[in-house]
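Colleague: Structure supplied as input_18.txt; contents: compact mmCIF, C-alpha atoms and all ligand atoms.
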```
# COMPACT_ATOMS: atom_id res chain seq x y z
CA MET A 97 0.00 0.00 0.00
CA SER A 98 1.25 3.49 -0.68
CA PHE A 99 1.03 5.49 2.52
CA PRO A 100 -1.78 8.04 2.21
CA GLY A 101 -0.91 11.41 3.71
CA SER A 102 -2.07 12.49 7.13
CA ALA A 103 -4.84 15.09 7.07
CA LEU A 104 -3.48 16.64 10.29
CA THR A 105 -4.09 20.39 10.28
CA HIS A 106 -3.52 21.76 13.79
CA LEU A 107 -3.74 21.12 17.50
CA GLN A 108 -6.53 22.43 19.67
CA CYS A 109 -6.93 22.91 23.41
CA SER A 110 -9.59 20.46 24.55
CA TYR A 111 -10.71 22.93 27.23
CA THR A 112 -10.60 26.41 25.70
CA GLY A 113 -10.67 25.58 21.99
CA GLU A 114 -7.50 27.60 21.38
CA VAL A 115 -5.65 26.58 18.21
CA VAL A 116 -1.95 25.63 18.35
CA GLU A 117 0.44 24.92 15.48
CA ALA A 118 1.07 21.18 15.02
CA ASP A 119 4.45 20.91 13.36
CA ARG A 120 6.68 21.74 16.28
CA PRO A 121 7.12 19.85 19.55
CA VAL A 122 4.51 20.90 22.08
CA ARG A 123 3.00 19.35 25.18
CA LEU A 124 0.04 21.00 26.95
CA SER A 125 -2.07 23.89 25.66
CA PRO A 126 -1.36 27.48 26.83
CA ALA A 127 -4.14 26.93 29.40
CA GLY A 128 -2.28 23.88 30.75
CA LYS A 129 -4.87 21.46 29.41
CA VAL A 130 -4.87 18.50 27.02
CA LEU A 131 -4.16 19.25 23.36
CA PHE A 132 -6.04 17.34 20.65
CA ALA A 133 -4.82 16.71 17.11
CA ARG A 134 -7.29 17.99 14.51
CA TYR A 135 -7.67 16.82 10.91
CA ASP A 136 -9.22 17.98 7.67
CA LEU A 137 -11.75 15.15 7.72
CA GLN A 138 -13.19 16.06 4.31
CA LYS A 139 -9.76 15.61 2.83
CA ALA A 140 -9.19 12.37 4.78
CA MET A 141 -12.43 10.93 3.40
CA ARG A 142 -11.20 11.18 -0.18
CA THR A 143 -8.88 8.23 0.36
CA LEU A 144 -10.02 6.76 3.69
CA THR A 145 -13.04 4.74 2.56
CA ARG A 146 -14.54 1.47 3.72
CA GLU A 147 -13.38 -0.10 0.47
CA ALA A 148 -9.85 1.20 0.92
CA LEU A 149 -9.71 -0.26 4.44
CA ARG A 150 -10.08 -3.77 3.02
CA SER A 151 -6.58 -3.70 1.59
CA ARG A 152 -4.89 -1.81 4.42
CA PRO A 153 -2.38 -3.45 6.78
CA ALA A 154 -3.79 -5.15 9.89
CA ASN A 155 -2.31 -2.66 12.32
CA MET A 156 -3.38 0.72 13.65
CA TRP A 157 -1.67 2.63 10.83
CA ARG A 158 -4.42 1.45 8.49
CA TYR A 159 -6.17 4.72 9.42
CA ALA A 160 -3.18 6.80 8.26
CA GLU A 161 -5.24 9.79 7.10
CA ILE A 162 -6.48 10.43 10.62
CA MET A 163 -3.18 9.59 12.27
CA PRO A 164 -0.69 12.36 13.07
CA VAL A 165 2.40 11.18 11.18
CA ARG A 166 2.96 12.83 7.82
CA ARG A 167 5.76 10.76 6.28
CA PRO A 168 5.76 6.94 6.14
CA GLU A 169 9.46 6.68 6.94
CA ASN A 170 8.76 8.20 10.35
CA VAL A 171 6.30 5.52 11.41
CA VAL A 172 7.81 3.28 14.09
CA THR A 173 5.70 0.13 14.09
CA LEU A 174 5.92 -3.29 15.67
CA GLY A 175 2.52 -4.33 14.29
CA GLU A 176 0.41 -2.77 17.06
CA GLY A 177 -3.37 -2.67 16.95
CA TYR A 178 -6.07 -4.40 14.95
CA THR A 179 -6.46 -6.75 17.90
CA PRO A 180 -9.28 -9.30 17.89
CA ILE A 181 -12.72 -8.77 19.37
CA LEU A 182 -13.61 -12.18 20.76
CA THR A 183 -17.09 -13.47 21.55
CA ALA A 184 -17.16 -14.38 25.24
CA ARG A 185 -20.08 -16.82 25.44
CA ARG A 186 -18.86 -18.92 28.35
CA LEU A 187 -17.91 -15.95 30.51
CA GLY A 188 -21.12 -14.23 29.48
CA LYS A 189 -23.15 -17.20 30.61
CA LEU A 190 -21.42 -17.16 33.97
CA ILE A 191 -22.22 -13.51 34.63
CA GLY A 192 -25.55 -13.19 32.86
CA SER A 193 -24.53 -11.24 29.80
CA ASP A 194 -25.80 -12.83 26.58
CA ARG A 195 -23.92 -10.69 24.11
CA LEU A 196 -20.52 -10.24 25.63
CA PHE A 197 -17.32 -9.41 23.76
CA ILE A 198 -13.70 -8.88 24.78
CA LYS A 199 -11.25 -6.80 22.81
CA ASP A 200 -7.97 -8.49 23.63
CA GLU A 201 -5.26 -5.87 23.82
CA GLY A 202 -2.91 -8.35 25.48
CA VAL A 203 -1.78 -9.53 22.04
CA ASN A 204 -0.20 -6.17 21.22
CA PRO A 205 3.59 -5.84 20.95
CA THR A 206 4.98 -5.56 24.52
CA GLY A 207 1.78 -7.18 25.83
CA SER A 208 -0.49 -4.18 26.37
CA PHE A 209 -2.40 -1.48 24.54
CA LYS A 210 0.24 1.02 25.63
CA ALA A 211 1.92 -0.03 22.38
CA ARG A 212 -0.66 1.99 20.44
CA GLY A 213 0.00 5.25 22.24
CA LEU A 214 3.74 4.90 22.22
CA SER A 215 3.95 3.86 18.57
CA ALA A 216 2.11 7.09 17.71
CA ALA A 217 4.05 9.31 20.12
CA VAL A 218 7.50 7.94 19.30
CA SER A 219 6.77 8.15 15.55
CA ARG A 220 5.60 11.73 15.76
CA ALA A 221 8.52 12.66 18.03
CA ARG A 222 10.89 11.29 15.42
CA GLU A 223 9.08 13.27 12.73
CA LEU A 224 9.48 16.46 14.76
CA GLY A 225 13.21 15.85 15.16
CA LEU A 226 13.22 14.66 18.78
CA SER A 227 15.48 11.74 19.61
CA ARG A 228 15.65 11.61 23.42
CA LEU A 229 12.43 10.83 25.30
CA THR A 230 11.39 10.38 28.91
CA LEU A 231 8.21 9.30 30.66
CA PRO A 232 6.84 8.26 34.04
CA SER A 233 4.93 4.99 34.01
CA ALA A 234 3.14 2.51 36.23
CA GLY A 235 4.79 -0.16 34.10
CA ASN A 236 3.40 -0.97 30.68
CA ALA A 237 3.95 2.46 29.12
CA ALA A 238 7.60 2.27 30.09
CA GLY A 239 8.00 -1.12 28.44
CA ALA A 240 6.26 0.08 25.30
CA MET A 241 8.24 3.31 25.01
CA SER A 242 11.48 1.43 25.57
CA ALA A 243 10.64 -0.99 22.75
CA TYR A 244 9.61 1.69 20.24
CA CYS A 245 12.64 3.83 21.06
CA ALA A 246 14.84 0.77 20.57
CA ALA A 247 13.23 0.13 17.18
CA ALA A 248 13.73 3.78 16.21
CA GLY A 249 17.28 4.02 17.56
CA MET A 250 16.17 6.69 20.03
CA GLU A 251 17.17 7.28 23.65
CA ALA A 252 14.59 6.29 26.30
CA HIS A 253 14.51 7.35 29.95
CA VAL A 254 11.81 5.80 32.12
CA PHE A 255 10.70 6.55 35.69
CA MET A 256 8.63 3.95 37.52
CA PRO A 257 7.46 3.48 41.10
CA LYS A 258 9.83 0.99 42.71
CA ASP A 259 6.98 -1.47 43.25
CA ALA A 260 6.05 -1.57 39.55
CA PRO A 261 5.67 -5.14 38.17
CA ILE A 262 9.08 -6.83 37.84
CA ALA A 263 8.50 -7.79 34.19
CA ASN A 264 8.03 -4.13 33.30
CA GLN A 265 11.29 -3.20 35.01
CA GLN A 266 13.14 -6.01 33.25
CA GLU A 267 11.81 -5.33 29.77
CA CYS A 268 12.91 -1.68 29.93
CA VAL A 269 16.44 -2.78 30.73
CA ALA A 270 16.32 -5.40 27.98
CA TYR A 271 15.27 -2.76 25.43
CA GLY A 272 18.21 -0.60 26.45
CA ALA A 273 16.28 2.16 28.24
CA ARG A 274 17.62 4.05 31.27
CA LEU A 275 15.39 2.96 34.11
CA THR A 276 15.01 4.91 37.35
CA LEU A 277 12.93 3.40 40.16
CA VAL A 278 11.20 6.04 42.26
CA ASP A 279 10.19 5.78 45.90
CA GLY A 280 6.56 6.86 45.55
CA PHE A 281 3.58 6.79 43.17
CA ILE A 282 3.29 7.48 39.46
CA THR A 283 2.71 11.16 40.28
CA ASP A 284 6.12 11.22 42.01
CA ALA A 285 7.67 9.45 39.02
CA GLY A 286 6.07 12.21 36.91
CA LYS A 287 7.92 14.88 38.87
CA ARG A 288 11.23 13.04 38.43
CA SER A 289 10.64 12.63 34.70
CA ALA A 290 9.82 16.33 34.33
CA ALA A 291 12.98 17.27 36.23
CA ALA A 292 15.08 14.97 34.04
CA ALA A 293 13.51 16.49 30.93
CA GLU A 294 14.53 19.94 32.14
CA GLU A 295 18.03 18.92 33.19
CA LEU A 296 18.99 16.70 30.27
CA GLY A 297 16.94 18.29 27.50
CA LEU A 298 14.66 15.27 27.05
CA PHE A 299 11.12 15.41 25.64
CA ASP A 300 8.55 14.17 28.15
CA VAL A 301 5.78 12.01 26.66
CA SER A 302 3.69 11.61 29.85
CA THR A 303 0.22 10.51 28.86
CA LEU A 304 -2.17 13.26 27.73
CA ARG A 305 0.62 15.78 28.42
CA GLU A 306 1.56 15.58 24.75
CA PRO A 307 -1.03 15.25 21.97
CA TYR A 308 -0.09 12.00 20.22
CA ARG A 309 -0.40 9.09 22.63
CA ALA A 310 -4.14 9.74 22.62
CA GLU A 311 -4.11 9.45 18.81
CA GLY A 312 -2.65 5.97 19.12
CA LYS A 313 -5.25 4.92 21.65
CA LYS A 314 -7.95 6.50 19.49
CA THR A 315 -7.43 3.65 17.06
CA MET A 316 -9.15 1.29 19.53
CA GLY A 317 -12.33 3.27 18.91
CA LEU A 318 -11.81 3.16 15.15
CA GLU A 319 -11.27 -0.59 15.25
CA ILE A 320 -14.29 -1.19 17.48
CA ALA A 321 -16.47 0.61 14.93
CA GLU A 322 -14.91 -1.21 12.00
CA GLN A 323 -14.91 -4.65 13.63
CA PHE A 324 -18.56 -4.30 14.71
CA ASP A 325 -19.40 -3.32 11.13
CA TRP A 326 -20.09 0.34 12.10
CA GLU A 327 -22.68 -0.60 14.76
CA LEU A 328 -21.08 0.37 18.05
CA PRO A 329 -21.82 -1.82 21.09
CA ASP A 330 -24.27 -0.60 23.75
CA VAL A 331 -21.73 -0.57 26.55
CA ILE A 332 -17.93 -0.32 26.73
CA VAL A 333 -16.30 -1.20 30.06
CA TYR A 334 -12.86 0.34 30.51
CA PRO A 335 -10.29 0.00 33.32
CA THR A 336 -9.39 3.62 33.84
CA GLY A 337 -6.12 5.06 35.09
CA GLY A 338 -4.97 8.15 33.22
CA GLY A 339 -7.97 7.65 30.95
CA THR A 340 -6.14 8.02 27.64
CA GLY A 341 -8.05 5.07 26.20
CA ILE A 342 -11.49 6.41 27.04
CA VAL A 343 -10.55 9.89 25.85
CA GLY A 344 -9.12 8.42 22.65
CA MET A 345 -12.12 6.19 21.90
CA TRP A 346 -14.51 9.07 22.51
CA LYS A 347 -12.51 11.24 20.11
CA ALA A 348 -12.55 8.44 17.52
CA PHE A 349 -16.35 8.21 17.69
CA GLU A 350 -16.63 11.99 17.16
CA GLU A 351 -14.38 11.85 14.11
CA LEU A 352 -16.26 8.86 12.69
CA GLU A 353 -19.56 10.68 13.12
CA GLN A 354 -18.15 13.77 11.40
CA MET A 355 -17.08 11.55 8.52
CA GLY A 356 -20.59 10.11 8.40
CA TRP A 357 -19.49 6.56 9.17
CA ILE A 358 -21.53 6.22 12.36
CA GLY A 359 -24.53 8.07 13.76
CA SER A 360 -24.86 10.05 16.98
CA LYS A 361 -25.58 7.02 19.18
CA ARG A 362 -22.72 6.22 21.53
CA PRO A 363 -21.93 3.26 23.74
CA ARG A 364 -22.39 3.96 27.46
CA MET A 365 -18.82 4.46 28.60
CA ILE A 366 -18.15 2.75 31.93
CA VAL A 367 -15.14 3.69 34.05
CA VAL A 368 -13.92 0.90 36.34
CA GLN A 369 -11.38 1.76 39.04
CA SER A 370 -10.02 -0.06 42.05
CA GLU A 371 -11.43 0.58 45.52
CA GLY A 372 -7.91 1.52 46.53
CA CYS A 373 -7.56 4.20 43.84
CA ALA A 374 -10.79 5.72 42.62
CA PRO A 375 -10.42 9.47 42.03
CA LEU A 376 -12.70 9.47 38.98
CA VAL A 377 -15.42 7.41 40.64
CA ARG A 378 -15.45 9.90 43.52
CA ALA A 379 -15.62 12.87 41.15
CA PHE A 380 -18.36 11.21 39.10
CA GLU A 381 -20.45 10.52 42.18
CA ALA A 382 -19.92 14.04 43.50
CA GLY A 383 -20.94 15.59 40.17
CA LYS A 384 -17.57 17.33 39.85
CA GLU A 385 -15.90 18.49 36.63
CA PHE A 386 -12.39 17.67 37.91
CA ALA A 387 -11.15 14.95 40.26
CA GLU A 388 -9.32 15.42 43.56
CA PRO A 389 -6.00 13.55 43.87
CA PHE A 390 -6.65 10.19 45.58
CA PRO A 391 -4.57 9.81 48.75
CA ASP A 392 -2.42 6.69 49.27
CA PRO A 393 -3.44 4.84 46.09
CA ARG A 394 -3.22 1.05 46.36
CA THR A 395 -4.12 -1.73 43.93
CA LEU A 396 -2.30 -4.63 42.33
CA ALA A 397 -3.68 -3.46 38.99
CA ALA A 398 -0.70 -1.17 38.45
CA GLY A 399 -2.04 0.39 35.23
CA ILE A 400 -5.00 1.90 37.05
CA ARG A 401 -3.08 3.03 40.10
CA VAL A 402 -3.20 6.65 38.99
CA PRO A 403 -4.20 9.05 41.78
CA ALA A 404 -4.58 12.11 39.53
CA ALA A 405 -5.27 12.34 35.79
CA ILE A 406 -4.72 15.50 33.74
CA GLY A 407 -7.56 14.45 31.42
CA ASP A 408 -10.05 13.97 34.29
CA TYR A 409 -12.53 16.48 32.81
CA LEU A 410 -12.45 14.71 29.43
CA ILE A 411 -13.06 11.27 30.96
CA LEU A 412 -15.91 12.56 33.11
CA ARG A 413 -17.43 14.36 30.13
CA ALA A 414 -17.44 11.19 28.03
CA VAL A 415 -18.95 9.11 30.82
CA ARG A 416 -21.72 11.65 31.46
CA ALA A 417 -22.46 12.47 27.83
CA SER A 418 -22.81 8.78 27.04
CA GLY A 419 -25.11 8.02 29.96
CA GLY A 420 -22.43 5.78 31.40
CA THR A 421 -21.26 5.40 34.96
CA ALA A 422 -18.17 4.91 37.14
CA LEU A 423 -17.70 2.19 39.73
CA THR A 424 -15.08 0.47 41.87
CA VAL A 425 -14.05 -3.15 42.33
CA SER A 426 -11.77 -4.69 44.97
CA ASP A 427 -8.44 -6.39 44.32
CA THR A 428 -9.95 -9.70 45.45
CA GLU A 429 -12.73 -9.31 42.89
CA ILE A 430 -10.10 -8.45 40.28
CA LEU A 431 -8.08 -11.62 41.00
CA ASP A 432 -11.20 -13.82 40.95
CA SER A 433 -12.19 -12.31 37.62
CA VAL A 434 -8.76 -12.81 36.05
CA GLY A 435 -9.07 -16.51 36.92
CA GLN A 436 -12.63 -16.69 35.57
CA MET A 437 -11.71 -15.06 32.28
CA ALA A 438 -8.80 -17.46 31.91
CA ARG A 439 -10.86 -20.58 32.69
CA THR A 440 -13.87 -19.66 30.59
CA GLU A 441 -12.34 -17.91 27.60
CA GLY A 442 -8.70 -18.91 27.41
CA ILE A 443 -7.66 -15.30 27.84
CA LEU A 444 -5.06 -14.75 30.55
CA GLY A 445 -5.75 -11.07 30.99
CA ALA A 446 -4.09 -8.33 32.98
CA PRO A 447 -5.58 -7.46 36.38
CA GLU A 448 -6.97 -4.34 34.70
CA GLY A 449 -8.84 -6.59 32.26
CA GLY A 450 -10.08 -8.59 35.24
CA ALA A 451 -11.39 -5.32 36.67
CA THR A 452 -13.73 -4.93 33.69
CA VAL A 453 -15.17 -8.41 34.29
CA ALA A 454 -15.62 -7.63 37.99
CA GLY A 455 -17.21 -4.30 37.06
CA LEU A 456 -19.66 -5.90 34.65
CA LYS A 457 -20.76 -8.39 37.32
CA LYS A 458 -21.76 -5.45 39.53
CA LEU A 459 -23.49 -3.67 36.68
CA ARG A 460 -25.52 -6.79 35.97
CA GLU A 461 -26.39 -7.18 39.66
CA SER A 462 -27.54 -3.56 39.92
CA GLY A 463 -29.42 -3.82 36.63
CA LYS A 464 -27.46 -0.94 35.09
CA VAL A 465 -26.61 -3.21 32.18
CA ALA A 466 -29.27 -5.53 30.77
CA ARG A 467 -28.71 -9.18 29.90
CA ASP A 468 -29.25 -8.73 26.16
CA GLU A 469 -27.16 -5.60 25.66
CA ARG A 470 -24.03 -5.79 23.53
CA VAL A 471 -21.21 -5.31 26.00
CA LEU A 472 -17.55 -4.88 25.13
CA LEU A 473 -14.87 -5.34 27.78
CA ILE A 474 -11.41 -3.98 27.05
CA ASN A 475 -8.76 -6.40 28.28
CA THR A 476 -5.96 -3.86 28.19
CA GLY A 477 -3.02 -6.20 28.64
CA SER A 478 -1.59 -9.63 29.19
CA ALA A 479 -1.24 -11.30 32.57
CA LEU A 480 2.27 -12.33 31.64
CA LYS A 481 3.56 -8.96 32.85
CA TYR A 482 2.05 -9.54 36.29
CA MET A 483 3.25 -12.99 37.31
CA ASP A 484 4.68 -11.51 40.51
CA VAL A 485 1.31 -10.22 41.72
CA LEU A 486 -1.07 -12.81 40.27
CA GLY A 487 0.01 -15.68 42.54
CA PRO A 488 -3.47 -16.48 43.89
CA VAL A 489 -4.84 -16.94 40.36
CA PHE A 490 -2.44 -19.80 39.72
CA GLU A 491 -2.99 -21.68 42.96
CA ARG A 492 -4.64 -25.04 42.49
CA ARG A 493 -8.20 -25.13 43.64
C1 LIG B 501 -2.14 2.02 31.43
C2 LIG B 501 -3.02 0.88 31.61
C3 LIG B 501 -4.39 1.06 31.87
C4 LIG B 501 -5.01 2.41 32.03
O1 LIG B 501 -5.08 3.07 30.80
P1 LIG B 501 -5.50 4.58 30.65
O2 LIG B 501 -5.95 4.71 29.25
O3 LIG B 501 -4.31 5.41 30.94
O4 LIG B 501 -6.58 4.84 31.63
C5 LIG B 501 -5.19 -0.07 31.94
N1 LIG B 501 -4.68 -1.30 31.79
C6 LIG B 501 -3.37 -1.52 31.55
C7 LIG B 501 -2.89 -2.92 31.41
C8 LIG B 501 -2.50 -0.44 31.44
O5 LIG B 501 -1.21 -0.66 31.19
```
Since I need it in another form, could you write the structure as structure tokens?
Ligand SMILES: *Cc1c(COP(=O)(O)O)cnc(C)c1O
Modeller:
Amino acid sequence: MSFPGSALTHLQCSYTGEVVEADRPVRLSPAGKVLFARYDLQKAMRTLTREALRSRPANMWRYAEIMPVRRPENVVTLGEGYTPILTARRLGKLIGSDRLFIKDEGVNPTGSFKARGLSAAVSRARELGLSRLTLPSAGNAAGAMSAYCAAAGMEAHVFMPKDAPIANQQECVAYGARLTLVDGFITDAGKRSAAAAEELGLFDVSTLREPYRAEGKKTMGLEIAEQFDWELPDVIVYPTGGGTGIVGMWKAFEELEQMGWIGSKRPRMIVVQSEGCAPLVRAFEAGKEFAEPFPDPRTLAAGIRVPAAIGDYLILRAVRASGGTALTVSDTEILDSVGQMARTEGILGAPEGGATVAGLKKLRESGKVARDERVLLINTGSALKYMDVLGPVFERR
């Protein structure tokens, strides 16, 4: 396939609407909020057609016109995206959900959907002439950035809480990144990464603090629409940390509607967090626009141990606009659900994926999701990164 050009036109503050030039490195908007990439969708539609998609590669760059990279030689890809949506009949039977599906992001390069965001961000960084990157991470983002930087021949610095999953620490080292373990939470790692950026002249690709990781995660929304033949499911259950996935999917649906590929109906977007770290659930319940930092965050689902998210207002907007909800699950429920998903579907999912199963059980019990609704769970990663914390799942019973 010849690489169709990106229809990227500018960046825009997701809070104030202010326009920012796209072709130089930039992180937040002048107002300190999340920047979104904007496209000339009319132009994109000239080559991005349903027919054209049939012969595009089975990775997230198949949507090149509405991806932010202009030149094909800048794309750093390991084959990320276009992950399967599996029918989960046996699990569905167990929890009373007749039309249940799982999008399995565990099959991505580096074992999680963080590959999408980092493929996009590292590619665009390369295009803008940046070659030394840093980021704070609960684990999977660090592994993904390290891999994409290795593939691109770029320098990677990663900052992780010292109790991040061992596999994530090891893979960063294996990919040749400079790993610093931080005594504290991801927010503390964020401060260290920002300081290193300042000191060493690195570009910080913290999630939603630069515009392109969200574009990578947006492709989950594009794929969901395409794989469901342009009929979105009724409910999407998402294990939410920084919320880049939910923000990205929501943005994808908006762009698809503007291109006339879907209507105005949206899935109810469901945020699942852990009882031990639930800033968005608290904000949702309190009717707030922004979330308060969650004190002393604790959960074995490292990817959703995020006490404060810069995109909180965007996540909460999507949940409310869609008629969705936000709820918590316990770590015990998460572990039980990981085991159930493995035994019934043959998917050994990340604890975060288990959280979506646990969340759906509660939604079925409360009646907030009906038995015959089409429900999509996002299993965001593979359990293989979490062998050190998943012990109880593997005990013989
Ligand atoms: C990062 C991560 C999450 C949370 O993703 P966000 O889009 O930042 O909310 C969920 N699951 C896994 C496995 C992750 O690595």
Colleague: Distance atom C2 of ligand LIG 501 (chain B)-atom CA of A:Asp325, one decimal place?
Modeller: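 That distance, rounded to one decimal, is 26.6 Å.
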Colleague: Counting all atoms listed in the file, what is within 10 Å of stretch 177-191 of chain A, bar same-chain residues fewer than 4 positions away, as JSON, numbers by chain?
Modeller: {"A": [153, 154, 155, 156, 157, 158, 173, 195, 196, 197, 198, 199, 200, 201, 202, 203, 204, 205, 208, 209, 211, 212, 215, 312, 313, 315, 316, 318, 319, 320, 322, 323, 324, 433, 436, 437, 438, 439, 440, 441, 442, 443, 453, 454, 456, 457, 458, 460, 461, 467, 471, 472, 473, 474]}
Colleague: Would you mind listing the residues within 7 Å of ligand LIG 501 (chain B), counting all atoms listed in the file, as JSON, numbers by chain?
Modeller: {"A": [208, 209, 210, 235, 236, 237, 335, 336, 337, 338, 339, 340, 341, 342, 399, 400, 446, 448, 449, 476, 477]}
Colleague: List every protein, DNA or RNA residue that has an atom no more than 7 Å from (1.4, 11.1, 41.1) in the file's coordinate frame, counting all atoms listed in the file, and report them as a PyMOL selection string.
Modeller: chain A and resi 281-286+402-404
Colleague: Hey, can you check how far atom CA of A:Pro488 sits from atom CA of A:Gln266?
Modeller: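 Computed distance, atom CA of A:Pro488 to atom CA of A:Gln266, equals 22.3 Å.
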Colleague: Neighbouring residues of A:Ala238 were defined as those with any atom within 8 Å, considering only C-alpha atoms; residues of the same chain fewer than 6 positions away were excluded. Please report them as a list of chain:residue names.
Modeller: A:Leu231, A:Pro232, A:Val254, A:Phe255, A:Met256, A:Asn264, A:Cys268
Colleague: With all atoms listed in the file as the basis for distance, which of A:Glu295, A:Leu214, A:Ile366, A:Pro447 is at the shortest distance from A:Gly420?
Modeller: A:Ile366
Colleague: Using Å and a single decimal, report how far atom CA of A:Gln265 sits from atom CA of A:Gly249.
Modeller: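 Calculated distance between atom CA of A:Gly249 and atom CA of A:Gln265 is 19.8 Å.
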Colleague: Using all atoms listed in the file, I'd like a table of the residues in stretch 320-410 of chain A that come within 8 Å of stretch 134-144 of chain A; for each, show the closest atom pair and its distance in Å rounded to one decimal, ordered by chain and ascending number, as a tab-separated table.
Modeller:
```
residue	atom	partner	partner_atom	distance
A:Glu351	CA	A:Leu137	CA	7.7
A:Gln354	CA	A:Leu137	CA	7.5
A:Met355	CA	A:Leu137	CA	6.5
```
Colleague: Which of these, A:Gly207, A:Gly317, A:Pro168, A:Gly280, has the shortest distance to A:Glu350 once you count all atoms listed in the file?
Modeller: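 With all atoms listed in the file as the atom set, the closest residue is A:Gly317.
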Colleague: Pick out the closest residue to A:Val333 from this set: A:Arg288, A:His106, A:Arg470, A:Arg123. Count all atoms listed in the file.
Modeller: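 Closest to A:Val333 of all the choices is A:Arg470.
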Colleague: When you count all atoms listed in the file, which of these residues is closest to A:Thr424: A:Tyr409, A:Phe386, A:Phe490, A:Phe380?
Modeller: A:Phe380
Colleague: Return the single residue from A:Val165, A:Ala217, A:Leu444, A:Val367 that is closest to A:Arg309, with distances computed using only C-alpha atoms.
Modeller: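 Selected residue with least distance to A:Arg309: A:Ala217.
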Colleague: With N, CA and C atoms as the target, complete stretch 211-228 of chain A and hand it back as a tab-separated table (two decimals), in the frame of the given file.
Modeller:
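Produced file result.tsv, reproduced below:
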```tsv
chain	number	residue	atom	x	y	z
A	211	ALA	N	1.20	-0.03	23.65
A	211	ALA	CA	1.92	-0.03	22.38
A	211	ALA	C	1.31	0.96	21.39
A	212	ARG	N	-0.01	1.08	21.40
A	212	ARG	CA	-0.66	1.99	20.44
A	212	ARG	C	-0.20	3.43	20.67
A	213	GLY	N	-0.33	3.86	21.92
A	213	GLY	CA	0.00	5.25	22.24
A	213	GLY	C	1.46	5.56	21.99
A	214	LEU	N	2.31	4.62	22.35
A	214	LEU	CA	3.74	4.90	22.22
A	214	LEU	C	4.22	4.76	20.78
A	215	SER	N	3.60	3.90	19.99
A	215	SER	CA	3.95	3.86	18.57
A	215	SER	C	3.65	5.22	17.94
A	216	ALA	N	2.49	5.78	18.27
A	216	ALA	CA	2.11	7.09	17.71
A	216	ALA	C	3.03	8.19	18.23
A	217	ALA	N	3.27	8.21	19.54
A	217	ALA	CA	4.05	9.31	20.12
A	217	ALA	C	5.51	9.25	19.70
A	218	VAL	N	6.09	8.05	19.68
A	218	VAL	CA	7.50	7.94	19.30
A	218	VAL	C	7.66	8.28	17.81
A	219	SER	N	6.71	7.84	16.99
A	219	SER	CA	6.77	8.15	15.55
A	219	SER	C	6.72	9.66	15.31
A	220	ARG	N	5.76	10.29	15.97
A	220	ARG	CA	5.60	11.73	15.76
A	220	ARG	C	6.79	12.51	16.34
A	221	ALA	N	7.33	12.02	17.45
A	221	ALA	CA	8.52	12.66	18.03
A	221	ALA	C	9.66	12.60	17.02
A	222	ARG	N	9.83	11.42	16.43
A	222	ARG	CA	10.89	11.29	15.42
A	222	ARG	C	10.65	12.27	14.27
A	223	GLU	N	9.40	12.37	13.84
A	223	GLU	CA	9.08	13.27	12.73
A	223	GLU	C	9.41	14.72	13.07
A	224	LEU	N	9.23	15.07	14.34
A	224	LEU	CA	9.48	16.46	14.76
A	224	LEU	C	10.94	16.67	15.19
A	225	GLY	N	11.78	15.68	14.93
A	225	GLY	CA	13.21	15.85	15.16
A	225	GLY	C	13.67	15.59	16.58
A	226	LEU	N	12.83	14.96	17.39
A	226	LEU	CA	13.22	14.66	18.78
A	226	LEU	C	13.83	13.26	18.80
A	227	SER	N	14.88	13.07	19.58
A	227	SER	CA	15.48	11.74	19.61
A	227	SER	C	15.76	11.23	21.02
A	228	ARG	N	15.40	12.03	22.03
A	228	ARG	CA	15.65	11.61	23.42
A	228	ARG	C	14.37	11.84	24.22
```
